[in-house]
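Novice: So I've got this file, data.txt, and it contains compact mmCIF, C-alpha atoms:
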```txt
# COMPACT_ATOMS: atom_id res chain seq x y z
CA MET X 988 13.70 -4.38 -7.52
CA ARG X 989 14.09 -7.61 -5.56
CA LYS X 990 13.26 -5.76 -2.34
CA LEU X 991 10.00 -4.58 -3.87
CA LEU X 992 8.92 -8.16 -4.44
CA LEU X 993 9.58 -9.40 -0.92
CA PRO X 994 6.43 -7.95 0.74
CA LEU X 995 4.28 -9.50 -1.97
CA LEU X 996 5.93 -12.86 -1.44
CA VAL X 997 5.47 -12.67 2.31
CA ALA X 998 1.78 -12.05 1.75
CA ALA X 999 1.47 -14.92 -0.73
CA THR X 1000 0.47 -18.45 0.12
CA PHE X 1001 3.68 -20.38 -0.39
CA SER X 1002 4.14 -23.80 -1.86
CA ALA X 1003 7.34 -25.08 -3.42
CA PRO X 1004 7.50 -25.44 -7.20
CA ALA X 1005 6.92 -28.96 -8.45
CA VAL X 1006 10.07 -31.05 -8.55
CA ILE X 1007 11.20 -31.37 -12.14
CA ALA X 1008 11.24 -34.85 -13.61
CA ALA X 1009 14.76 -36.24 -13.57
CA ASP X 1010 14.99 -36.56 -17.33
CA PHE X 1011 13.31 -33.33 -18.45
CA SER X 1012 16.43 -31.22 -18.17
CA GLU X 1013 18.14 -33.81 -20.35
CA ASN X 1014 15.28 -33.55 -22.85
CA ILE X 1015 15.82 -29.79 -23.02
CA LYS X 1016 19.57 -30.20 -23.42
CA GLN X 1017 19.01 -32.62 -26.30
CA ALA X 1018 16.65 -30.13 -27.94
CA MET X 1019 19.24 -27.40 -27.46
CA ALA X 1020 21.72 -29.49 -29.45
CA SER X 1021 19.30 -30.01 -32.36
CA ASP X 1022 20.50 -28.94 -35.80
CA ILE X 1023 17.14 -27.28 -36.47
CA ARG X 1024 18.27 -24.39 -34.26
CA THR X 1025 20.20 -21.53 -35.83
CA ASP X 1026 23.54 -20.23 -34.62
CA ARG X 1027 21.82 -17.05 -33.52
CA GLU X 1028 19.42 -19.06 -31.38
CA THR X 1029 22.11 -21.15 -29.73
CA LYS X 1030 24.13 -18.03 -28.91
CA ARG X 1031 21.22 -16.89 -26.73
CA ASP X 1032 21.28 -20.03 -24.56
CA ARG X 1033 23.75 -18.59 -22.09
CA ASN X 1034 21.64 -15.50 -21.56
CA ARG X 1035 18.19 -17.05 -21.60
CA LYS X 1036 19.14 -20.09 -19.48
CA PRO X 1037 16.30 -22.38 -20.62
CA VAL X 1038 17.28 -25.37 -18.48
CA GLU X 1039 17.36 -23.32 -15.29
CA THR X 1040 14.22 -21.38 -16.20
CA LEU X 1041 12.10 -24.44 -16.97
CA LYS X 1042 13.43 -26.18 -13.88
CA PHE X 1043 12.28 -23.23 -11.77
CA PHE X 1044 8.82 -23.48 -13.33
CA GLY X 1045 8.80 -27.19 -12.48
CA ILE X 1046 8.02 -28.41 -16.00
CA GLN X 1047 7.92 -32.19 -16.39
CA ASP X 1048 8.05 -34.31 -19.52
CA ASP X 1049 4.49 -35.65 -19.17
CA TRP X 1050 2.87 -32.26 -18.70
CA LYS X 1051 0.43 -30.40 -20.90
CA VAL X 1052 2.07 -27.03 -21.54
CA LEU X 1053 0.88 -23.94 -23.41
CA GLU X 1054 3.24 -21.24 -24.66
CA ILE X 1055 1.64 -17.85 -25.32
CA VAL X 1056 3.03 -15.75 -28.20
CA PRO X 1057 5.90 -17.99 -29.36
CA GLY X 1058 7.36 -15.33 -31.66
CA GLY X 1059 10.04 -16.88 -33.86
CA GLY X 1060 9.86 -20.15 -31.93
CA TRP X 1061 12.95 -19.91 -29.71
CA TYR X 1062 11.32 -21.73 -26.79
CA THR X 1063 9.05 -23.72 -29.09
CA LYS X 1064 12.09 -25.44 -30.57
CA LEU X 1065 13.00 -26.64 -27.08
CA LEU X 1066 9.64 -27.42 -25.52
CA ALA X 1067 7.94 -29.14 -28.45
CA PRO X 1068 10.52 -31.94 -28.85
CA ALA X 1069 11.05 -32.22 -25.08
CA LEU X 1070 7.32 -32.82 -24.50
CA ARG X 1071 6.57 -34.73 -27.70
CA ASP X 1072 6.77 -38.32 -26.42
CA ASN X 1073 5.10 -38.12 -23.01
CA GLY X 1074 3.38 -34.74 -22.81
CA GLN X 1075 1.50 -32.31 -25.00
CA PHE X 1076 2.62 -28.89 -26.19
CA TYR X 1077 0.23 -26.12 -27.22
CA LEU X 1078 0.70 -22.70 -28.78
CA SER X 1079 -1.59 -19.67 -28.91
CA LEU X 1080 -1.55 -16.02 -30.01
CA GLY X 1081 0.65 -14.98 -32.90
CA THR X 1082 1.18 -18.50 -34.21
CA GLU X 1083 0.49 -17.91 -37.91
CA ARG X 1084 4.17 -17.63 -38.77
CA LEU X 1085 5.10 -20.94 -37.13
CA LYS X 1086 2.04 -22.75 -38.46
CA THR X 1087 3.28 -22.57 -42.03
CA SER X 1088 6.95 -23.11 -41.29
CA LEU X 1089 8.21 -24.82 -38.16
CA LEU X 1090 5.08 -26.80 -37.30
CA THR X 1091 5.12 -28.66 -40.62
CA LYS X 1092 8.28 -30.51 -39.57
CA LYS X 1093 9.07 -33.28 -37.13
CA PRO X 1094 9.43 -33.13 -34.07
CA PHE X 1095 6.84 -30.32 -34.11
CA ASP X 1096 4.11 -32.40 -35.75
CA LYS X 1097 2.24 -33.01 -32.50
CA VAL X 1098 2.03 -29.36 -31.45
CA LYS X 1099 -1.56 -28.15 -31.13
CA LEU X 1100 -2.76 -24.62 -31.84
CA VAL X 1101 -5.49 -23.32 -29.55
CA GLY X 1102 -7.33 -20.04 -29.22
CA SER X 1103 -6.38 -17.23 -31.56
CA GLU X 1104 -3.69 -17.72 -34.21
CA GLY X 1105 -3.51 -13.94 -34.51
CA PHE X 1106 -3.88 -11.47 -31.66
CA ASP X 1107 -7.59 -11.53 -30.99
CA PHE X 1108 -7.96 -10.88 -27.26
CA LYS X 1109 -11.71 -10.36 -27.28
CA ASN X 1110 -13.35 -13.30 -25.52
CA LEU X 1111 -9.97 -15.06 -25.55
CA ASN X 1112 -10.29 -18.76 -24.85
CA PHE X 1113 -7.48 -21.31 -25.07
CA GLU X 1114 -10.06 -24.09 -25.54
CA VAL X 1115 -8.60 -26.42 -22.90
CA ASN X 1116 -9.10 -26.66 -19.14
CA ASP X 1117 -6.60 -29.25 -17.97
CA LEU X 1118 -3.19 -27.72 -18.61
CA ASP X 1119 -0.32 -28.24 -16.19
CA ALA X 1120 1.44 -25.02 -17.20
CA VAL X 1121 1.02 -21.82 -19.18
CA LEU X 1122 4.23 -19.98 -20.06
CA THR X 1123 5.05 -16.66 -21.68
CA PHE X 1124 8.51 -15.25 -22.29
CA ARG X 1125 9.17 -11.52 -22.78
CA ASN X 1126 5.64 -10.84 -24.03
CA TYR X 1127 3.73 -9.36 -21.13
CA HIS X 1128 4.97 -5.84 -21.94
CA ASN X 1129 3.45 -6.06 -25.43
CA PHE X 1130 -0.14 -6.17 -24.17
CA ASP X 1131 -2.25 -3.23 -23.06
CA GLU X 1132 -4.17 -3.40 -19.79
CA SER X 1133 -7.29 -5.04 -21.24
CA GLU X 1134 -5.22 -7.54 -23.23
CA ARG X 1135 -3.24 -8.50 -20.12
CA ALA X 1136 -6.45 -9.00 -18.17
CA SER X 1137 -7.89 -11.14 -20.96
CA THR X 1138 -4.71 -13.23 -21.22
CA ASN X 1139 -4.45 -13.80 -17.48
CA LYS X 1140 -8.13 -14.75 -17.27
CA ALA X 1141 -7.80 -17.19 -20.17
CA ALA X 1142 -4.65 -18.72 -18.67
CA PHE X 1143 -6.42 -19.25 -15.36
CA LYS X 1144 -9.36 -20.93 -17.08
CA ALA X 1145 -7.08 -23.19 -19.16
CA LEU X 1146 -5.12 -24.54 -16.20
CA LYS X 1147 -6.19 -27.41 -14.02
CA PRO X 1148 -6.27 -26.75 -10.26
CA GLY X 1149 -2.67 -26.65 -9.09
CA GLY X 1150 -1.41 -25.75 -12.57
CA VAL X 1151 1.33 -23.14 -12.88
CA TYR X 1152 1.68 -19.87 -14.78
CA GLY X 1153 5.24 -18.78 -15.56
CA VAL X 1154 6.03 -15.25 -16.73
CA VAL X 1155 9.39 -13.79 -17.79
CA ASP X 1156 9.83 -10.21 -18.97
CA HIS X 1157 12.21 -7.26 -19.03
CA THR X 1158 12.16 -5.25 -15.80
CA ARG X 1159 10.87 -1.69 -15.61
CA ARG X 1160 11.34 0.48 -12.54
CA HIS X 1161 8.45 0.23 -10.11
CA MET X 1162 5.69 2.75 -10.88
CA GLN X 1163 7.70 4.35 -13.70
CA LYS X 1164 5.47 5.68 -16.46
CA LYS X 1165 5.97 4.48 -20.02
CA ASN X 1166 8.50 6.45 -22.05
CA ASP X 1167 10.61 6.07 -25.20
CA GLU X 1168 13.18 3.93 -23.37
CA ASN X 1169 11.05 1.49 -21.38
CA GLY X 1170 8.31 0.38 -23.78
CA ARG X 1171 9.65 -3.17 -23.83
CA ARG X 1172 9.95 -3.33 -20.07
CA PHE X 1173 7.26 -3.97 -17.44
CA ASP X 1174 6.88 -3.26 -13.73
CA PRO X 1175 7.06 -6.69 -12.00
CA VAL X 1176 5.04 -5.49 -9.02
CA LEU X 1177 2.21 -4.44 -11.34
CA ALA X 1178 2.45 -7.79 -13.15
CA ILE X 1179 2.09 -9.62 -9.83
CA LYS X 1180 -0.93 -7.57 -8.84
CA GLU X 1181 -2.65 -8.03 -12.19
CA ILE X 1182 -2.05 -11.78 -12.28
CA GLN X 1183 -3.24 -12.16 -8.70
CA GLN X 1184 -6.42 -10.30 -9.65
CA ALA X 1185 -7.11 -13.09 -12.16
CA GLY X 1186 -7.18 -15.57 -9.27
CA PHE X 1187 -3.59 -16.79 -9.23
CA VAL X 1188 -1.43 -17.25 -6.14
CA LEU X 1189 2.17 -16.01 -6.28
CA VAL X 1190 4.40 -18.98 -5.49
CA ASP X 1191 7.91 -17.63 -5.98
CA TYR X 1192 10.23 -15.47 -8.03
CA SER X 1193 13.73 -16.22 -9.25
CA ASN X 1194 16.91 -14.21 -9.77
CA ILE X 1195 17.94 -16.41 -12.71
CA HIS X 1196 17.73 -13.43 -15.04
CA TYR X 1197 18.75 -10.71 -12.60
CA LYS X 1198 21.37 -8.39 -14.10
CA ALA X 1199 22.96 -6.08 -11.55
CA ASP X 1200 24.52 -3.84 -14.18
CA ASP X 1201 21.26 -3.14 -16.03
CA GLU X 1202 20.31 0.28 -14.68
CA LEU X 1203 16.76 -0.09 -16.06
CA ARG X 1204 17.27 3.22 -17.88
CA PHE X 1205 17.56 2.22 -21.52
CA GLU X 1206 15.64 0.39 -24.22
CA VAL X 1207 16.41 -3.34 -24.14
CA GLY X 1208 17.49 -3.28 -27.78
CA ARG X 1209 20.33 -0.83 -27.19
CA LYS X 1210 23.81 -2.28 -27.68
CA THR X 1211 24.69 -1.53 -24.07
CA VAL X 1212 21.67 -3.51 -22.83
CA GLN X 1213 20.84 -6.10 -25.49
CA GLY X 1214 21.50 -9.59 -24.18
CA ASN X 1215 22.05 -8.22 -20.70
CA SER X 1216 18.64 -6.88 -19.69
CA ASP X 1217 17.36 -7.51 -16.20
CA ARG X 1218 14.32 -9.77 -16.39
CA PHE X 1219 11.85 -10.83 -13.74
CA THR X 1220 10.90 -14.50 -13.53
CA LEU X 1221 7.61 -15.13 -11.73
CA LEU X 1222 5.83 -18.36 -10.82
CA PHE X 1223 2.11 -18.44 -10.03
CA LYS X 1224 -0.30 -21.26 -9.30
CA LYS X 1225 -4.01 -21.79 -9.78
CA PRO X 1226 -5.39 -22.72 -6.35
CA GLU X 1227 -6.33 -26.37 -5.89
```
Represent the structure from my file as structure tokens, please.
Specialist:
Amino acid sequence: MRKLLLPLLVAATFSAPAVIAADFSENIKQAMASDIRTDRETKRDRNRKPVETLKFFGIQDDWKVLEIVPGGGWYTKLLAPALRDNGQFYLSLGTERLKTSLLTKKPFDKVKLVGSEGFDFKNLNFEVNDLDAVLTFRNYHNFDESERASTNKAAFKALKPGGVYGVVDHTRRHMQKKNDENGRRFDPVLAIKEIQQAGFVLVDYSNIHYKADDELRFEVGRKTVQGNSDRFTLLFKKPE
């Protein structure tokens, strides 16, 4: 799969990811140690590697960052407190659950909800245009083609020039059609092409979540794969 990405990277206009602020990794580590996190969440740290992932995306503590589809709030519990003092954290799409639970507590009191709180992709607008980063983790596979196009377009519009778009998802074999085993996987080459079509430039990809022993054959929830799925980690930028 890594070989498939190389031609696309060669064709891309390269620029190195922004250097992470010296203290942001420490902010994330402090958030990881918070007692608001459950044991189940902390057990996923080793696999999800949030410090390394956010460092690759270049996130800094004074940035304006939007997370798309936060789910149960795994990354929200890290990013919201880490950005609370100097930056601004936003959430959009599927936020209803967190709005009435997690976001009522400190240090999540400064989180802002933008765009749709449900999953309304029609005329999707994140209602900001000066973000430093838009991030989405293991969600891209959930959207159909029109929803992906709408999300990518809205992300592009919400970012300031030079802003970054970070995408992580479970890897599907290149050009493999959807079947009963790969519904929660996505072809990274197709993701790159779709996101480039929205106007983004591919900056880099990382092997942080590369798993050599994931044969890309089985559903990511299977016991033999769960917690060990191969995931692509892609970094894009809105041209300046």
Novice: Please work out which residues fall within 9 Å of (14.7, -10.6, -20.2), coordinates as given in the file, with all atoms listed in the file counting, and return them as a ChimeraX atom specification.
Specialist: /X:1034-1035,1124-1125,1155-1158,1172,1196-1197,1207,1214-1220
Novice: Would you mind exporting C-alpha atoms of the selected residues as a compact mmCIF listing (two decimals), keeping the file's coordinate frame?
Specialist:
```
# COMPACT_ATOMS: atom_id res chain seq x y z
CA ASN X 1034 21.64 -15.50 -21.56
CA ARG X 1035 18.19 -17.05 -21.60
CA PHE X 1124 8.51 -15.25 -22.29
CA ARG X 1125 9.17 -11.52 -22.78
CA VAL X 1155 9.39 -13.79 -17.79
CA ASP X 1156 9.83 -10.21 -18.97
CA HIS X 1157 12.21 -7.26 -19.03
CA THR X 1158 12.16 -5.25 -15.80
CA ARG X 1172 9.95 -3.33 -20.07
CA HIS X 1196 17.73 -13.43 -15.04
CA TYR X 1197 18.75 -10.71 -12.60
CA VAL X 1207 16.41 -3.34 -24.14
CA GLY X 1214 21.50 -9.59 -24.18
CA ASN X 1215 22.05 -8.22 -20.70
CA SER X 1216 18.64 -6.88 -19.69
CA ASP X 1217 17.36 -7.51 -16.20
CA ARG X 1218 14.32 -9.77 -16.39
CA PHE X 1219 11.85 -10.83 -13.74
CA THR X 1220 10.90 -14.50 -13.53
```
Novice: Taking into account all atoms listed in the file, which residue in the set X:Lys1225, X:Gln1183, X:Phe1205, X:Asn1014 is nearest to Lys1042 in chain X?
Specialist: X:Asn1014
Novice: In Å, rounded to a single decimal, give me how far CA of Phe1143 in chain X is from CA of Ile1046 in chain X.
Specialist: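 One can read the CA of Ile1046 in chain X to CA of Phe1143 in chain X distance as 17.1 Å.
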Novice: Looking at X:Arg1135, X:Arg1031, X:Lys1224, X:Lys1140, which one is nearest to Val1190 in chain X, with distances taken over all atoms listed in the file?
Specialist: X:Lys1224
Novice: At a cut-off of 9 Å, using all atoms listed in the file, what residues contact Leu1085 in chain X? Leave out same-chain residues fewer than 5 positions from it and give the result as an NGL selection string.
Specialist: :X and (1057-1060 or 1090-1091)
Novice: With all atoms listed in the file as the atoms that count, which of X:Leu1189, X:Arg1071, X:Lys1210, X:Lys1051 lies nearest to Lys1093 in chain X?
Specialist: X:Arg1071
Novice: Dig up all the protein and nucleic acid residues within 12 Å of (18.3, -19.2, -35.0) in the file frame, using only C-alpha atoms, and format them as a PyMOL selection string.
Specialist: chain X and resi 1019+1021-1032+1059-1064+1089
Novice: Please produce range 1156-1180 of chain X, completed to N, CA and C atoms, as a PDB file, keeping the file's coordinate frame.
Specialist:
```pdb
ATOM      1  N   ASP X1156       9.826 -11.422 -18.152  1.00  0.00           N
ATOM      2  CA  ASP X1156       9.830 -10.210 -18.970  1.00  0.00           C
ATOM      3  C   ASP X1156      10.920  -9.255 -18.495  1.00  0.00           C
ATOM      4  N   HIS X1157      11.203  -8.265 -19.344  1.00  0.00           N
ATOM      5  CA  HIS X1157      12.210  -7.260 -19.030  1.00  0.00           C
ATOM      6  C   HIS X1157      11.700  -6.336 -17.923  1.00  0.00           C
ATOM      7  N   THR X1158      12.556  -6.021 -16.978  1.00  0.00           N
ATOM      8  CA  THR X1158      12.160  -5.250 -15.800  1.00  0.00           C
ATOM      9  C   THR X1158      12.111  -3.744 -16.066  1.00  0.00           C
ATOM     10  N   ARG X1159      11.008  -3.143 -15.640  1.00  0.00           N
ATOM     11  CA  ARG X1159      10.870  -1.690 -15.610  1.00  0.00           C
ATOM     12  C   ARG X1159      10.887  -1.243 -14.150  1.00  0.00           C
ATOM     13  N   ARG X1160      11.359  -0.045 -13.902  1.00  0.00           N
ATOM     14  CA  ARG X1160      11.340   0.480 -12.540  1.00  0.00           C
ATOM     15  C   ARG X1160       9.910   0.524 -12.009  1.00  0.00           C
ATOM     16  N   HIS X1161       9.767   0.252 -10.735  1.00  0.00           N
ATOM     17  CA  HIS X1161       8.450   0.230 -10.110  1.00  0.00           C
ATOM     18  C   HIS X1161       7.773   1.599 -10.216  1.00  0.00           C
ATOM     19  N   MET X1162       6.550   1.578 -10.746  1.00  0.00           N
ATOM     20  CA  MET X1162       5.690   2.750 -10.880  1.00  0.00           C
ATOM     21  C   MET X1162       6.217   3.783 -11.875  1.00  0.00           C
ATOM     22  N   GLN X1163       7.206   3.433 -12.677  1.00  0.00           N
ATOM     23  CA  GLN X1163       7.700   4.350 -13.700  1.00  0.00           C
ATOM     24  C   GLN X1163       6.733   4.371 -14.879  1.00  0.00           C
ATOM     25  N   LYS X1164       6.380   5.560 -15.335  1.00  0.00           N
ATOM     26  CA  LYS X1164       5.470   5.680 -16.460  1.00  0.00           C
ATOM     27  C   LYS X1164       6.187   5.297 -17.751  1.00  0.00           C
ATOM     28  N   LYS X1165       5.408   4.894 -18.739  1.00  0.00           N
ATOM     29  CA  LYS X1165       5.970   4.480 -20.020  1.00  0.00           C
ATOM     30  C   LYS X1165       6.621   5.666 -20.724  1.00  0.00           C
ATOM     31  N   ASN X1166       7.808   5.412 -21.282  1.00  0.00           N
ATOM     32  CA  ASN X1166       8.500   6.450 -22.050  1.00  0.00           C
ATOM     33  C   ASN X1166       9.191   5.802 -23.246  1.00  0.00           C
ATOM     34  N   ASP X1167       9.977   6.573 -23.977  1.00  0.00           N
ATOM     35  CA  ASP X1167      10.610   6.070 -25.200  1.00  0.00           C
ATOM     36  C   ASP X1167      11.634   4.976 -24.926  1.00  0.00           C
ATOM     37  N   GLU X1168      12.119   4.889 -23.694  1.00  0.00           N
ATOM     38  CA  GLU X1168      13.180   3.930 -23.370  1.00  0.00           C
ATOM     39  C   GLU X1168      12.685   2.660 -22.685  1.00  0.00           C
ATOM     40  N   ASN X1169      11.468   2.651 -22.183  1.00  0.00           N
ATOM     41  CA  ASN X1169      11.050   1.490 -21.380  1.00  0.00           C
ATOM     42  C   ASN X1169       9.839   0.753 -21.939  1.00  0.00           C
ATOM     43  N   GLY X1170       9.504   0.985 -23.191  1.00  0.00           N
ATOM     44  CA  GLY X1170       8.310   0.380 -23.780  1.00  0.00           C
ATOM     45  C   GLY X1170       8.344  -1.141 -23.804  1.00  0.00           C
ATOM     46  N   ARG X1171       9.536  -1.705 -23.836  1.00  0.00           N
ATOM     47  CA  ARG X1171       9.650  -3.170 -23.830  1.00  0.00           C
ATOM     48  C   ARG X1171      10.072  -3.694 -22.455  1.00  0.00           C
ATOM     49  N   ARG X1172       9.748  -2.919 -21.453  1.00  0.00           N
ATOM     50  CA  ARG X1172       9.950  -3.330 -20.070  1.00  0.00           C
ATOM     51  C   ARG X1172       8.595  -3.296 -19.350  1.00  0.00           C
ATOM     52  N   PHE X1173       8.520  -3.989 -18.192  1.00  0.00           N
ATOM     53  CA  PHE X1173       7.260  -3.970 -17.440  1.00  0.00           C
ATOM     54  C   PHE X1173       7.571  -4.012 -15.941  1.00  0.00           C
ATOM     55  N   ASP X1174       6.746  -3.307 -15.189  1.00  0.00           N
ATOM     56  CA  ASP X1174       6.880  -3.260 -13.730  1.00  0.00           C
ATOM     57  C   ASP X1174       6.478  -4.617 -13.149  1.00  0.00           C
ATOM     58  N   PRO X1175       7.402  -5.357 -12.522  1.00  0.00           N
ATOM     59  CA  PRO X1175       7.060  -6.690 -12.000  1.00  0.00           C
ATOM     60  C   PRO X1175       6.035  -6.659 -10.885  1.00  0.00           C
ATOM     61  N   VAL X1176       6.023  -5.585 -10.096  1.00  0.00           N
ATOM     62  CA  VAL X1176       5.040  -5.490  -9.020  1.00  0.00           C
ATOM     63  C   VAL X1176       3.635  -5.359  -9.613  1.00  0.00           C
ATOM     64  N   LEU X1177       3.507  -4.563 -10.677  1.00  0.00           N
ATOM     65  CA  LEU X1177       2.210  -4.440 -11.340  1.00  0.00           C
ATOM     66  C   LEU X1177       1.807  -5.762 -11.974  1.00  0.00           C
ATOM     67  N   ALA X1178       2.758  -6.479 -12.563  1.00  0.00           N
ATOM     68  CA  ALA X1178       2.450  -7.790 -13.150  1.00  0.00           C
ATOM     69  C   ALA X1178       1.915  -8.730 -12.081  1.00  0.00           C
ATOM     70  N   ILE X1179       2.545  -8.743 -10.926  1.00  0.00           N
ATOM     71  CA  ILE X1179       2.090  -9.620  -9.830  1.00  0.00           C
ATOM     72  C   ILE X1179       0.662  -9.262  -9.435  1.00  0.00           C
ATOM     73  N   LYS X1180       0.404  -7.995  -9.262  1.00  0.00           N
ATOM     74  CA  LYS X1180      -0.930  -7.570  -8.840  1.00  0.00           C
ATOM     75  C   LYS X1180      -1.989  -7.942  -9.874  1.00  0.00           C
TER      76      LYS X1180
END
```
